[in-house]
Amino acid sequence: MNENDQGRDELLAAAVGLRERGEAEAARQQLVALAERFPGDAQVAYQAAWAHDVLGLEAEAVPFYELALRGAGLSEDDRRGALLGLGSTYRILGRYDEAVRLLRVALIDFPRDGALRTFLAMALYNTGGHREAMRILLTLLADSSTDPDIARYRGAVAYYAEDLDATL
């Protein structure tokens with residue numbers, strides 16, 4: 001590790017610490033400066049995107065998310081988080097088709113991720129894909145709910161997830 005990398009790591013850790021302590025604006029400012037100093041650094045870009053999102057600055061978060069996902073060096077968990085963050089951000093900005101495309105791609109790598117599936121269902125709802133959105137959510141409910149009342153009907157919920165219009 002060279003001296004420049006060590007300085008980057010310390011500055012990044014300090015900025016993330018600010019965000020984790022609820023000092024989101026200070027963290028955002030430090031992360032923007034760090035992103036300017038280390039352009040193309042996927043980890044810095046991801047943290048900068050997150051800091052913008054925390055502050056409700058979704059439009060400003062997008063280029064950081066996109067940069068983070070184009071770059072190398074994200075852990076698998078951070079890559080999943082960046083995909084979720086960008087998909088969610090596209091959706092909240094009304095970029096529904098982009099959200100659906102991105103979240104579908106994310107689910108290729110993370111097919112069991114409940115958060116990705118949930119946000120895909122919301123984006124599908126926004127694009128008129130109500131049937132698929134319901135299928136995704138009912139399947140997720142059947143697969144993951146610990147509610148004893150739902151568990152009692154898990155088989156029926158899973159069945160209807162595949163054919164909500166089924167009748168006798």
# chains A, B, ... in the order shown; residues from 1 in each chain; ligands from 1
>>> residues_around(residues="stretch 34-40 of chain A", least_positions_apart="2", cutoff="10 Å", atoms="only C-alpha atoms", output="short mmCIF file (atom, residue, chain, number, x, y, z; two decimals) with N, CA, C and O atoms, in the first residue's frame")
data_model
loop_
_atom_site.label_atom_id
_atom_site.label_comp_id
_atom_site.auth_asym_id
_atom_site.auth_seq_id
_atom_site.Cartn_x
_atom_site.Cartn_y
_atom_site.Cartn_z
N ASN A 4 -0.32 7.30 -0.73
CA ASN A 4 -1.55 7.87 -1.27
C ASN A 4 -2.76 7.00 -0.93
O ASN A 4 -3.82 7.50 -0.56
N ASP A 5 -2.61 5.65 -1.07
CA ASP A 5 -3.70 4.73 -0.74
C ASP A 5 -4.03 4.80 0.74
O ASP A 5 -5.20 4.75 1.11
N ARG A 8 -6.01 7.85 1.43
CA ARG A 8 -7.36 7.65 0.90
C ARG A 8 -8.18 6.80 1.85
O ARG A 8 -9.32 7.12 2.17
N LEU A 11 -9.09 8.83 5.00
CA LEU A 11 -10.10 9.85 4.70
C LEU A 11 -11.46 9.22 4.45
O LEU A 11 -12.49 9.73 4.90
N LEU A 12 -11.47 8.11 3.73
CA LEU A 12 -12.72 7.41 3.45
C LEU A 12 -13.35 6.91 4.75
O LEU A 12 -14.55 7.09 4.98
N ALA A 15 -14.89 9.81 6.66
CA ALA A 15 -16.15 10.30 6.06
C ALA A 15 -17.29 9.32 6.32
O ALA A 15 -18.41 9.74 6.66
N ARG A 28 -21.04 13.98 3.28
CA ARG A 28 -21.22 14.22 1.84
C ARG A 28 -20.14 15.15 1.30
O ARG A 28 -19.53 14.88 0.27
N GLN A 29 -19.88 16.24 2.02
CA GLN A 29 -18.87 17.19 1.57
C GLN A 29 -17.49 16.54 1.48
O GLN A 29 -16.76 16.73 0.50
N GLN A 30 -17.15 15.76 2.49
CA GLN A 30 -15.85 15.08 2.48
C GLN A 30 -15.77 14.05 1.36
O GLN A 30 -14.74 13.90 0.71
N LEU A 31 -16.86 13.33 1.12
CA LEU A 31 -16.86 12.30 0.09
C LEU A 31 -16.82 12.90 -1.31
O LEU A 31 -16.18 12.33 -2.21
N VAL A 32 -17.46 14.02 -1.53
CA VAL A 32 -17.38 14.70 -2.83
C VAL A 32 -15.93 15.13 -3.07
O VAL A 32 -15.39 14.94 -4.18
N ALA A 42 -14.17 3.23 -7.24
CA ALA A 42 -15.53 2.70 -7.07
C ALA A 42 -16.01 2.79 -5.63
O ALA A 42 -17.17 3.13 -5.38
N GLN A 43 -15.14 2.52 -4.68
CA GLN A 43 -15.56 2.54 -3.27
C GLN A 43 -15.89 3.96 -2.82
O GLN A 43 -16.88 4.18 -2.13
N VAL A 44 -15.07 4.90 -3.21
CA VAL A 44 -15.33 6.30 -2.86
C VAL A 44 -16.63 6.76 -3.52
O VAL A 44 -17.47 7.40 -2.87
N ALA A 45 -16.83 6.40 -4.79
CA ALA A 45 -18.05 6.78 -5.50
C ALA A 45 -19.28 6.18 -4.82
O ALA A 45 -20.31 6.86 -4.67
N TYR A 46 -19.19 4.92 -4.41
CA TYR A 46 -20.32 4.28 -3.75
C TYR A 46 -20.66 5.00 -2.44
O TYR A 46 -21.83 5.28 -2.16
N GLN A 47 -19.67 5.30 -1.66
CA GLN A 47 -19.92 6.00 -0.40
C GLN A 47 -20.47 7.41 -0.64
O GLN A 47 -21.33 7.88 0.11
N ALA A 48 -20.00 8.07 -1.70
CA ALA A 48 -20.52 9.40 -2.03
C ALA A 48 -21.99 9.30 -2.45
O ALA A 48 -22.81 10.14 -2.07
N PHE A 64 -22.71 9.06 -9.05
CA PHE A 64 -21.79 8.36 -8.16
C PHE A 64 -22.09 6.86 -8.16
O PHE A 64 -21.18 6.04 -8.20
N LEU A 67 -20.86 5.46 -11.51
CA LEU A 67 -19.40 5.36 -11.50
C LEU A 67 -18.94 4.17 -10.65
O LEU A 67 -18.07 3.40 -11.05
N ALA A 68 -19.55 4.01 -9.50
CA ALA A 68 -19.18 2.90 -8.62
C ALA A 68 -19.40 1.55 -9.31
O ALA A 68 -18.56 0.65 -9.20
N ARG A 70 -19.46 0.96 -12.56
CA ARG A 70 -18.57 0.80 -13.71
C ARG A 70 -17.15 0.44 -13.27
O ARG A 70 -16.41 -0.17 -14.03
N GLY A 71 -16.80 0.84 -12.07
CA GLY A 71 -15.44 0.64 -11.60
C GLY A 71 -15.22 -0.74 -11.01
O GLY A 71 -16.11 -1.57 -10.96
N ALA A 72 -14.00 -0.97 -10.58
CA ALA A 72 -13.63 -2.23 -9.94
C ALA A 72 -13.31 -1.94 -8.48
O ALA A 72 -13.02 -0.82 -8.10
#
>>> select_by_dssp(residues="stretch 16-164 of chain A", states="alpha helix (DSSP H)", output="ChimeraX atom specification")
/A:16-20,24-37,42-54,58-70,76-92,96-109,114-126,130-144,148-152,154-162
>>> atom_distance(atom1="atom CA of A:Asp149", atom2="atom CA of A:Leu124")
27.4 Å
>>> closest_residue(among="A:Asp53, A:Leu138, A:Ser145, A:Leu93", to="A:Tyr159", atoms="only C-alpha atoms")
A:Leu138
>>> closest_residue(among="A:Gly94, A:Gly81, A:Pro111, A:Pro148", to="A:Thr127", atoms="only C-alpha atoms")
A:Gly94
>>> closest_residue(among="A:Leu57, A:Leu84, A:Ala51, A:Ala156", to="A:Gly17", atoms="only C-alpha atoms")
A:Ala51
>>> closest_residue(among="A:Arg135, A:His52, A:Arg91, A:Arg19", to="A:Met122", atoms="only C-alpha atoms")
A:Arg91
>>> residues_around(residues="A:Asp113", least_positions_apart="6", cutoff="10 Å", atoms="only C-alpha atoms", output="JSON, numbers by chain")
{"A": [80, 84, 106, 107, 140]}
>>> residues_around(residues="A:Asp109", least_positions_apart="3", cutoff="12 Å", atoms="only C-alpha atoms", output="VMD selection string")
chain A and resid 76 to 77 79 to 80 83 102 to 106 112 to 113 116
>>> closest_residue(among="A:Met134, A:Ala13, A:Ala59, A:Ala33", to="A:Ser88", atoms="only C-alpha atoms")
A:Ala59
>>> closest_residue(among="A:Ala49, A:Ala142, A:Ala24, A:Leu18", to="A:Pro63", atoms="only C-alpha atoms")
A:Ala49
>>> residues_around(residues="A:Ser144", least_positions_apart="5", cutoff="10 Å", atoms="only C-alpha atoms", output="PyMOL selection string")
chain A and resi 114+138-139+150-151+154
>>> write_last_selection(atoms="C-alpha atoms", output="tab-separated table (two decimals), in the first residue's frame")
chain	number	residue	atom	x	y	z
A	114	GLY	CA	-35.34	-9.94	-0.76
A	138	LEU	CA	-46.29	-13.14	-2.71
A	139	THR	CA	-43.36	-15.47	-3.39
A	150	ILE	CA	-48.94	-16.52	7.11
A	151	ALA	CA	-46.89	-19.68	7.76
A	154	ARG	CA	-47.61	-20.69	3.11
>>> decode(residues="stretch 66-155 of chain A", atoms="C-alpha atoms", output="compact mmCIF listing (two decimals), in the first residue's frame")
# COMPACT_ATOMS: atom_id res chain seq x y z
CA GLU A 66 -23.12 4.67 -11.92
CA LEU A 67 -19.40 5.36 -11.50
CA ALA A 68 -19.18 2.90 -8.62
CA LEU A 69 -20.80 0.15 -10.69
CA ARG A 70 -18.57 0.80 -13.71
CA GLY A 71 -15.44 0.64 -11.60
CA ALA A 72 -13.63 -2.23 -9.94
CA GLY A 73 -12.97 -2.83 -6.29
CA LEU A 74 -16.40 -3.05 -4.69
CA SER A 75 -16.96 -5.97 -2.36
CA GLU A 76 -19.86 -8.23 -3.31
CA ASP A 77 -21.98 -6.71 -0.55
CA ASP A 78 -21.17 -3.14 -1.63
CA ARG A 79 -21.89 -4.02 -5.27
CA ARG A 80 -25.26 -5.40 -4.22
CA GLY A 81 -25.87 -2.24 -2.20
CA ALA A 82 -24.92 -0.01 -5.13
CA LEU A 83 -27.26 -1.93 -7.44
CA LEU A 84 -30.09 -1.63 -4.93
CA GLY A 85 -29.34 2.04 -4.28
CA LEU A 86 -29.23 2.93 -7.96
CA GLY A 87 -32.34 0.91 -8.80
CA SER A 88 -34.24 2.50 -5.95
CA THR A 89 -32.98 5.95 -6.93
CA TYR A 90 -34.00 5.48 -10.57
CA ARG A 91 -37.47 4.51 -9.34
CA ILE A 92 -37.87 7.47 -7.00
CA LEU A 93 -36.80 9.78 -9.83
CA GLY A 94 -39.50 8.33 -12.10
CA ARG A 95 -36.98 6.46 -14.25
CA TYR A 96 -39.05 3.30 -13.88
CA ASP A 97 -37.91 1.38 -16.96
CA GLU A 98 -34.26 1.92 -16.02
CA ALA A 99 -35.04 0.75 -12.49
CA VAL A 100 -36.69 -2.43 -13.78
CA ARG A 101 -33.79 -3.19 -16.15
CA LEU A 102 -31.13 -2.60 -13.50
CA LEU A 103 -32.90 -4.55 -10.76
CA ARG A 104 -33.49 -7.50 -13.11
CA VAL A 105 -29.76 -7.56 -13.89
CA ALA A 106 -28.95 -7.32 -10.17
CA LEU A 107 -31.16 -10.33 -9.48
CA ILE A 108 -29.13 -12.44 -11.91
CA ASP A 109 -26.20 -12.13 -9.49
CA PHE A 110 -28.27 -11.98 -6.29
CA PRO A 111 -31.41 -14.03 -7.05
CA ARG A 112 -32.49 -14.59 -3.44
CA ASP A 113 -32.02 -11.00 -2.26
CA GLY A 114 -35.34 -9.94 -0.76
CA ALA A 115 -34.62 -6.21 -0.91
CA LEU A 116 -33.77 -6.35 -4.62
CA ARG A 117 -36.91 -8.38 -5.27
CA THR A 118 -39.03 -5.90 -3.29
CA PHE A 119 -37.69 -2.87 -5.13
CA LEU A 120 -38.14 -4.66 -8.46
CA ALA A 121 -41.78 -5.30 -7.53
CA MET A 122 -42.26 -1.60 -6.76
CA ALA A 123 -40.69 -0.57 -10.07
CA LEU A 124 -42.81 -3.13 -11.92
CA TYR A 125 -45.90 -1.65 -10.27
CA ASN A 126 -44.83 1.77 -11.56
CA THR A 127 -44.52 0.40 -15.11
CA GLY A 128 -47.89 -1.37 -15.03
CA GLY A 129 -46.44 -4.81 -14.33
CA HIS A 130 -48.91 -5.45 -11.51
CA ARG A 131 -49.22 -9.21 -12.04
CA GLU A 132 -45.46 -9.80 -11.94
CA ALA A 133 -45.08 -7.43 -8.98
CA MET A 134 -47.70 -9.38 -7.02
CA ARG A 135 -46.05 -12.69 -7.96
CA ILE A 136 -42.68 -11.46 -6.70
CA LEU A 137 -44.10 -10.11 -3.44
CA LEU A 138 -46.29 -13.14 -2.71
CA THR A 139 -43.36 -15.47 -3.39
CA LEU A 140 -41.15 -13.38 -1.12
CA LEU A 141 -43.83 -13.45 1.57
CA ALA A 142 -44.25 -17.22 1.29
CA ASP A 143 -40.48 -17.77 1.35
CA SER A 144 -39.51 -15.44 4.17
CA SER A 145 -42.37 -14.55 6.48
CA THR A 146 -42.07 -15.63 10.09
CA ASP A 147 -45.64 -14.57 10.85
CA PRO A 148 -47.36 -17.73 12.15
CA ASP A 149 -50.66 -16.82 10.48
CA ILE A 150 -48.94 -16.52 7.11
CA ALA A 151 -46.89 -19.68 7.76
CA ARG A 152 -50.14 -21.59 8.21
CA TYR A 153 -51.11 -20.64 4.64
CA ARG A 154 -47.61 -20.69 3.11
CA GLY A 155 -48.56 -23.32 0.53
